[in-house]
file my_file12.pdb (PDB, C-alpha atoms)
ATOM      1  CA  MET A 185     -69.858  -0.146  65.630  1.00  0.00           C
ATOM      2  CA  SER A 186     -67.895   0.502  68.779  1.00  0.00           C
ATOM      3  CA  PRO A 187     -64.701  -1.349  69.616  1.00  0.00           C
ATOM      4  CA  ALA A 188     -64.587  -3.811  72.462  1.00  0.00           C
ATOM      5  CA  VAL A 189     -61.954  -1.945  74.472  1.00  0.00           C
ATOM      6  CA  ASN A 190     -62.849  -1.718  78.133  1.00  0.00           C
ATOM      7  CA  THR A 191     -61.480   1.555  79.453  1.00  0.00           C
ATOM      8  CA  THR A 192     -63.574   1.772  82.610  1.00  0.00           C
ATOM      9  CA  ARG A 193     -61.686   1.391  85.878  1.00  0.00           C
ATOM     10  CA  ARG A 194     -58.378   1.149  84.045  1.00  0.00           C
ATOM     11  CA  LYS A 195     -55.305   0.660  86.199  1.00  0.00           C
ATOM     12  CA  GLN A 196     -52.149   2.619  85.534  1.00  0.00           C
ATOM     13  CA  VAL A 197     -49.371   0.593  83.895  1.00  0.00           C
ATOM     14  CA  GLY A 198     -46.848   1.679  86.532  1.00  0.00           C
ATOM     15  CA  GLN A 199     -49.139   0.427  89.284  1.00  0.00           C
ATOM     16  CA  VAL A 200     -49.570  -2.943  87.540  1.00  0.00           C
ATOM     17  CA  LEU A 201     -45.780  -3.307  87.213  1.00  0.00           C
ATOM     18  CA  LEU A 202     -45.376  -2.278  90.858  1.00  0.00           C
ATOM     19  CA  GLY A 203     -48.047  -4.766  91.946  1.00  0.00           C
ATOM     20  CA  LYS A 204     -46.250  -7.578  90.113  1.00  0.00           C
ATOM     21  CA  GLY A 205     -43.012  -6.665  91.871  1.00  0.00           C
ATOM     22  CA  LEU A 206     -41.275  -5.898  88.583  1.00  0.00           C
ATOM     23  CA  ILE A 207     -40.308  -2.337  89.555  1.00  0.00           C
ATOM     24  CA  THR A 208     -40.121  -0.222  92.690  1.00  0.00           C
ATOM     25  CA  GLN A 209     -41.795   3.083  93.480  1.00  0.00           C
ATOM     26  CA  GLU A 210     -38.350   4.706  93.265  1.00  0.00           C
ATOM     27  CA  GLN A 211     -37.955   3.408  89.700  1.00  0.00           C
ATOM     28  CA  ILE A 212     -41.381   4.777  88.765  1.00  0.00           C
ATOM     29  CA  ASP A 213     -40.453   8.143  90.276  1.00  0.00           C
ATOM     30  CA  ALA A 214     -37.144   8.163  88.352  1.00  0.00           C
ATOM     31  CA  ALA A 215     -38.933   7.305  85.088  1.00  0.00           C
ATOM     32  CA  VAL A 216     -41.554  10.029  85.672  1.00  0.00           C
ATOM     33  CA  ALA A 217     -38.745  12.537  86.357  1.00  0.00           C
ATOM     34  CA  GLU A 218     -37.045  11.463  83.106  1.00  0.00           C
ATOM     35  CA  GLN A 219     -40.360  11.778  81.262  1.00  0.00           C
ATOM     36  CA  THR A 220     -40.829  15.310  82.628  1.00  0.00           C
ATOM     37  CA  ALA A 221     -37.248  16.248  81.708  1.00  0.00           C
ATOM     38  CA  ARG A 222     -37.935  15.127  78.125  1.00  0.00           C
ATOM     39  CA  GLY A 223     -41.045  17.258  77.908  1.00  0.00           C
ATOM     40  CA  HIS A 224     -43.465  14.301  77.997  1.00  0.00           C
ATOM     41  CA  ARG A 225     -42.566  13.298  74.428  1.00  0.00           C
ATOM     42  CA  LYS A 226     -42.469   9.618  75.349  1.00  0.00           C
ATOM     43  CA  LEU A 227     -44.829   7.377  77.251  1.00  0.00           C
ATOM     44  CA  LEU A 228     -43.817   6.204  80.710  1.00  0.00           C
ATOM     45  CA  GLY A 229     -43.582   2.608  79.483  1.00  0.00           C
ATOM     46  CA  GLU A 230     -41.185   3.579  76.693  1.00  0.00           C
ATOM     47  CA  ILE A 231     -38.945   5.303  79.221  1.00  0.00           C
ATOM     48  CA  LEU A 232     -39.056   2.313  81.587  1.00  0.00           C
ATOM     49  CA  ILE A 233     -37.844   0.101  78.719  1.00  0.00           C
ATOM     50  CA  GLU A 234     -35.149   2.581  77.646  1.00  0.00           C
ATOM     51  CA  LEU A 235     -33.827   2.792  81.206  1.00  0.00           C
ATOM     52  CA  GLY A 236     -33.699  -1.017  81.369  1.00  0.00           C
ATOM     53  CA  MET A 237     -36.161  -1.216  84.256  1.00  0.00           C
ATOM     54  CA  VAL A 238     -38.554  -3.597  82.450  1.00  0.00           C
ATOM     55  CA  SER A 239     -38.533  -5.637  79.258  1.00  0.00           C
ATOM     56  CA  GLU A 240     -40.888  -4.943  76.372  1.00  0.00           C
ATOM     57  CA  ASP A 241     -42.793  -8.170  77.097  1.00  0.00           C
ATOM     58  CA  GLN A 242     -43.202  -7.239  80.779  1.00  0.00           C
ATOM     59  CA  LEU A 243     -44.504  -3.818  79.829  1.00  0.00           C
ATOM     60  CA  LEU A 244     -46.926  -5.194  77.232  1.00  0.00           C
ATOM     61  CA  GLU A 245     -48.290  -7.761  79.680  1.00  0.00           C
ATOM     62  CA  ALA A 246     -48.858  -4.981  82.218  1.00  0.00           C
ATOM     63  CA  LEU A 247     -50.454  -2.786  79.550  1.00  0.00           C
ATOM     64  CA  ALA A 248     -52.800  -5.629  78.606  1.00  0.00           C
ATOM     65  CA  GLU A 249     -53.726  -6.139  82.242  1.00  0.00           C
ATOM     66  CA  ALA A 250     -54.266  -2.403  82.762  1.00  0.00           C
ATOM     67  CA  TYR A 251     -56.720  -2.310  79.843  1.00  0.00           C
ATOM     68  CA  ASN A 252     -58.229  -5.697  80.649  1.00  0.00           C
ATOM     69  CA  VAL A 253     -57.364  -7.188  77.238  1.00  0.00           C
ATOM     70  CA  PRO A 254     -55.267 -10.254  76.372  1.00  0.00           C
ATOM     71  CA  TYR A 255     -51.555 -10.113  75.590  1.00  0.00           C
ATOM     72  CA  ALA A 256     -50.397 -12.195  72.604  1.00  0.00           C
ATOM     73  CA  LYS A 257     -46.924 -13.251  71.559  1.00  0.00           C
ATOM     74  CA  LEU A 258     -47.585 -13.311  67.820  1.00  0.00           C
ATOM     75  CA  THR A 259     -46.675 -16.030  65.343  1.00  0.00           C
ATOM     76  CA  PRO A 260     -47.474 -16.039  61.606  1.00  0.00           C
ATOM     77  CA  ARG A 261     -49.945 -18.889  62.106  1.00  0.00           C
ATOM     78  CA  LEU A 262     -52.177 -16.660  64.252  1.00  0.00           C
ATOM     79  CA  ALA A 263     -52.980 -14.325  61.357  1.00  0.00           C
ATOM     80  CA  ASP A 264     -55.385 -15.204  58.546  1.00  0.00           C
ATOM     81  CA  ALA A 265     -54.052 -13.768  55.261  1.00  0.00           C
ATOM     82  CA  LYS A 266     -57.596 -13.107  53.990  1.00  0.00           C
ATOM     83  CA  VAL A 267     -58.412 -11.091  57.095  1.00  0.00           C
ATOM     84  CA  ILE A 268     -55.233  -9.018  56.751  1.00  0.00           C
ATOM     85  CA  GLU A 269     -56.511  -7.877  53.342  1.00  0.00           C
ATOM     86  CA  LEU A 270     -59.655  -6.371  54.915  1.00  0.00           C
ATOM     87  CA  ILE A 271     -57.670  -3.258  55.832  1.00  0.00           C
ATOM     88  CA  PRO A 272     -55.455  -1.262  53.441  1.00  0.00           C
ATOM     89  CA  ARG A 273     -51.773  -2.138  53.747  1.00  0.00           C
ATOM     90  CA  ASP A 274     -50.625   1.453  54.274  1.00  0.00           C
ATOM     91  CA  PHE A 275     -53.083   1.824  57.182  1.00  0.00           C
ATOM     92  CA  LEU A 276     -51.778  -1.377  58.803  1.00  0.00           C
ATOM     93  CA  GLU A 277     -48.163  -0.285  58.498  1.00  0.00           C
ATOM     94  CA  LYS A 278     -48.794   3.304  59.612  1.00  0.00           C
ATOM     95  CA  HIS A 279     -50.654   2.261  62.760  1.00  0.00           C
ATOM     96  CA  ALA A 280     -48.828  -1.045  63.452  1.00  0.00           C
ATOM     97  CA  VAL A 281     -52.078  -3.016  63.427  1.00  0.00           C
ATOM     98  CA  LEU A 282     -52.337  -6.703  62.582  1.00  0.00           C
ATOM     99  CA  PRO A 283     -55.783  -8.186  61.907  1.00  0.00           C
ATOM    100  CA  LEU A 284     -55.623 -11.759  63.187  1.00  0.00           C
ATOM    101  CA  PHE A 285     -58.954 -13.431  62.508  1.00  0.00           C
ATOM    102  CA  LYS A 286     -62.648 -12.746  62.066  1.00  0.00           C
ATOM    103  CA  ILE A 287     -65.407 -14.817  63.615  1.00  0.00           C
ATOM    104  CA  ARG A 288     -69.078 -13.915  63.074  1.00  0.00           C
ATOM    105  CA  GLY A 289     -68.455 -10.214  62.533  1.00  0.00           C
ATOM    106  CA  LEU A 290     -65.953  -9.894  65.382  1.00  0.00           C
ATOM    107  CA  LEU A 291     -62.498  -8.912  64.119  1.00  0.00           C
ATOM    108  CA  THR A 292     -59.576  -9.578  66.452  1.00  0.00           C
ATOM    109  CA  VAL A 293     -56.653  -7.207  65.917  1.00  0.00           C
ATOM    110  CA  ALA A 294     -53.228  -6.993  67.530  1.00  0.00           C
ATOM    111  CA  VAL A 295     -52.067  -3.505  68.539  1.00  0.00           C
ATOM    112  CA  SER A 296     -49.311  -2.167  70.753  1.00  0.00           C
ATOM    113  CA  GLU A 297     -51.391   0.630  72.252  1.00  0.00           C
ATOM    114  CA  PRO A 298     -54.881  -0.520  73.306  1.00  0.00           C
ATOM    115  CA  SER A 299     -55.822   2.934  74.618  1.00  0.00           C
ATOM    116  CA  ASN A 300     -56.211   4.396  71.107  1.00  0.00           C
ATOM    117  CA  VAL A 301     -59.996   4.241  70.926  1.00  0.00           C
ATOM    118  CA  PHE A 302     -60.066   6.363  67.746  1.00  0.00           C
ATOM    119  CA  LEU A 303     -57.922   3.769  65.962  1.00  0.00           C
ATOM    120  CA  MET A 304     -60.283   0.972  67.007  1.00  0.00           C
ATOM    121  CA  GLU A 305     -63.274   2.993  65.803  1.00  0.00           C
ATOM    122  CA  GLU A 306     -61.578   3.579  62.441  1.00  0.00           C
ATOM    123  CA  ILE A 307     -60.851  -0.151  62.071  1.00  0.00           C
ATOM    124  CA  ALA A 308     -64.492  -0.913  62.884  1.00  0.00           C
ATOM    125  CA  ARG A 309     -65.602   1.618  60.261  1.00  0.00           C
ATOM    126  CA  ILE A 310     -63.247   0.287  57.554  1.00  0.00           C
ATOM    127  CA  THR A 311     -64.128  -3.372  58.124  1.00  0.00           C
ATOM    128  CA  ASP A 312     -67.766  -3.002  59.231  1.00  0.00           C
ATOM    129  CA  CYS A 313     -66.944  -5.359  62.114  1.00  0.00           C
ATOM    130  CA  LYS A 314     -66.900  -5.160  65.871  1.00  0.00           C
ATOM    131  CA  VAL A 315     -63.271  -4.968  67.007  1.00  0.00           C
ATOM    132  CA  GLN A 316     -61.654  -7.056  69.714  1.00  0.00           C
ATOM    133  CA  VAL A 317     -58.144  -6.064  70.774  1.00  0.00           C
ATOM    134  CA  VAL A 318     -55.111  -8.055  71.858  1.00  0.00           C
ATOM    135  CA  VAL A 319     -51.854  -6.384  72.847  1.00  0.00           C
ATOM    136  CA  ALA A 320     -48.673  -7.267  70.944  1.00  0.00           C
ATOM    137  CA  SER A 321     -45.310  -5.660  70.331  1.00  0.00           C
ATOM    138  CA  VAL A 322     -44.816  -3.296  67.401  1.00  0.00           C
ATOM    139  CA  SER A 323     -41.850  -5.402  66.254  1.00  0.00           C
ATOM    140  CA  ASP A 324     -43.974  -8.586  66.199  1.00  0.00           C
ATOM    141  CA  VAL A 325     -46.771  -6.829  64.283  1.00  0.00           C
ATOM    142  CA  LYS A 326     -44.379  -5.397  61.690  1.00  0.00           C
ATOM    143  CA  ALA A 327     -42.480  -8.677  61.298  1.00  0.00           C
ATOM    144  CA  ILE A 328     -45.648 -10.631  60.574  1.00  0.00           C
ATOM    145  CA  LEU A 329     -47.023  -7.909  58.282  1.00  0.00           C
ATOM    146  CA  GLY A 330     -43.767  -8.173  56.347  1.00  0.00           C
ATOM    147  CA  GLN A 331     -44.416 -11.865  55.737  1.00  0.00           C
ATOM    148  CA  TYR A 332     -47.800 -11.263  54.138  1.00  0.00           C
ATOM    149  CA  VAL A 333     -48.073  -9.755  50.674  1.00  0.00           C
ATOM    150  CA  ASN A 334     -51.388  -8.557  49.315  1.00  0.00           C
ATOM    151  CA  ALA A 335     -52.461 -11.044  46.633  1.00  0.00           C
ATOM    152  CA  ALA A 336     -53.370  -8.183  44.266  1.00  0.00           C
ATOM    153  CA  ASN A 337     -49.790  -6.897  44.342  1.00  0.00           C
ATOM    154  CA  VAL A 338     -48.033 -10.187  43.654  1.00  0.00           C
ATOM    155  CA  PHE A 339     -46.117 -10.338  40.375  1.00  0.00           C
ATOM    156  CA  VAL A 340     -46.875 -13.757  38.878  1.00  0.00           C
ATOM    157  CA  ILE A 341     -44.875 -14.767  35.779  1.00  0.00           C
ATOM    158  CA  ASP A 342     -47.428 -17.453  34.861  1.00  0.00           C
ATOM    159  CA  ASP A 343     -50.073 -14.758  34.269  1.00  0.00           C
ATOM    160  CA  ILE A 344     -47.772 -12.988  31.823  1.00  0.00           C
ATOM    161  CA  ILE A 345     -46.699 -16.139  29.991  1.00  0.00           C
ATOM    162  CA  GLU A 346     -50.339 -17.143  29.498  1.00  0.00           C
ATOM    163  CA  ASP A 347     -50.826 -14.119  27.226  1.00  0.00           C
ATOM    164  CA  VAL A 348     -47.723 -14.803  25.107  1.00  0.00           C
ATOM    165  CA  SER A 349     -47.537 -17.378  22.320  1.00  0.00           C
ATOM    166  CA  THR A 350     -44.706 -19.937  22.387  1.00  0.00           C
ATOM    167  CA  ASP A 351     -43.263 -18.801  19.047  1.00  0.00           C
ATOM    168  CA  THR A 352     -42.195 -15.496  20.639  1.00  0.00           C
ATOM    169  CA  PHE A 353     -39.732 -17.308  22.906  1.00  0.00           C
ATOM    170  CA  GLU A 354     -36.212 -17.954  21.664  1.00  0.00           C
ATOM    171  CA  LEU A 355     -33.574 -20.299  23.101  1.00  0.00           C
ATOM    172  CA  ILE A 356     -30.499 -18.201  23.824  1.00  0.00           C
ATOM    173  CA  GLU A 357     -27.938 -20.774  25.020  1.00  0.00           C
ATOM    174  CA  THR A 358     -27.898 -24.514  25.548  1.00  0.00           C
ATOM    175  CA  LYS A 359     -24.315 -24.918  26.788  1.00  0.00           C
ATOM    176  CA  ALA A 360     -23.972 -26.074  30.365  1.00  0.00           C
ATOM    177  CA  ASP A 361     -20.699 -25.304  32.082  1.00  0.00           C
ATOM    178  CA  ASP A 362     -19.091 -28.003  34.208  1.00  0.00           C
ATOM    179  CA  ILE A 363     -18.576 -26.370  37.582  1.00  0.00           C
ATOM    180  CA  ALA A 364     -16.981 -29.429  39.206  1.00  0.00           C
ATOM    181  CA  ASN A 365     -13.529 -27.884  38.851  1.00  0.00           C
ATOM    182  CA  LEU A 366     -14.016 -24.319  40.050  1.00  0.00           C
ATOM    183  CA  GLU A 367     -10.314 -23.784  40.700  1.00  0.00           C
ATOM    184  CA  GLY A 368      -9.515 -24.445  37.055  1.00  0.00           C
ATOM    185  CA  MET A 369     -12.103 -21.897  35.913  1.00  0.00           C
TER     186      MET A 369
END

call {"tool": "encode", "arguments": {"input": "my_file12.pdb", "output": "structure tokens"}}
result
Amino acid sequence: MSPAVNTTRRKQVGQVLLGKGLITQEQIDAAVAEQTARGHRKLLGEILIELGMVSEDQLLEALAEAYNVPYAKLTPRLADAKVIELIPRDFLEKHAVLPLFKIRGLLTVAVSEPSNVFLMEEIARITDCKVQVVVASVSDVKAILGQYVNAANVFVIDDIIEDVSTDTFELIETKADDIANLEGM
């Protein structure tokens, strides 16, 4: 199944930022010069943020507009815990992907780089769903992923206690210290 990323007639992020009046052509030229000086190891948007020319949110909104996909400021309530478990945790963390929800075979995922078509194809293959993309910051994706723990990996004491008989437990101490006078202790 192919992802729902529209890459036809894509605008350049710099041109979107310029069109919104967020940066000038001189700033774009300076960022491109810096990118060239660094050997093209960073994306233009990353350099614009580093140089303080745009904020991360401004860049992500422009990126979303350039790829004709929505931009989402993520909150934990947007993500369905059951949907997060559709994709292996290590894959999610490695690629900074957050599955949000699934409706009738259409999986909506938050990513910071919507141009990675191979990533979207891999998600579609893993989940056997069509993929719809929203743009979000890497920090938001990782923060929300950190709040969700795979149910299979949760250590639950009740499950262990169920298998143990009560006669194997022993009361070690019944004394309760009075902590009302801490200075005296």

call {"tool": "resolve_selection", "arguments": {"input": "my_file12.pdb", "expression": "the PyMOL selection byres ((chain A and resi 263) around 9)", "output": "list in words"}}
result
Leu258, Thr259, Pro260, Arg261, Leu262, Asp264, Ala265, Lys266, Val267, Ile268, Leu282, Pro283, Leu284, Phe285 and Ile328 of chain A

call {"tool": "resolve_selection", "arguments": {"input": "my_file12.pdb", "expression": "the PyMOL selection byres ((chain A and resi 201) around 10)", "output": "PyMOL selection string"}}
result
chain A and resi 196-200+202-209+212+229+238+242-243+245-247+249-250

call {"tool": "closest_residue", "arguments": {"input": "my_file12.pdb", "among": "A:Asn252, A:Ser323, A:Gln219, A:Gln316", "to": "A:Ile231", "atoms": "only C-alpha atoms"}}
result
A:Gln219

call {"tool": "atom_distance", "arguments": {"input": "my_file12.pdb", "atom1": "atom CA of A:Glu230", "atom2": "atom CA of A:Gly330"}}
result
23.6 Å

call {"tool": "closest_residue", "arguments": {"input": "my_file12.pdb", "among": "A:Ala294, A:Leu329, A:Ala308, A:Met237", "to": "A:Lys257", "atoms": "only C-alpha atoms"}}
result
A:Ala294

call {"tool": "closest_residue", "arguments": {"input": "my_file12.pdb", "among": "A:Ala320, A:Leu232, A:Glu305, A:Asn300", "to": "A:Glu218", "atoms": "all atoms listed in the file"}}
result
A:Leu232

call {"tool": "atom_distance", "arguments": {"input": "my_file12.pdb", "atom1": "atom CA of A:Val319", "atom2": "atom CA of A:Val293"}}
result
8.5 Å
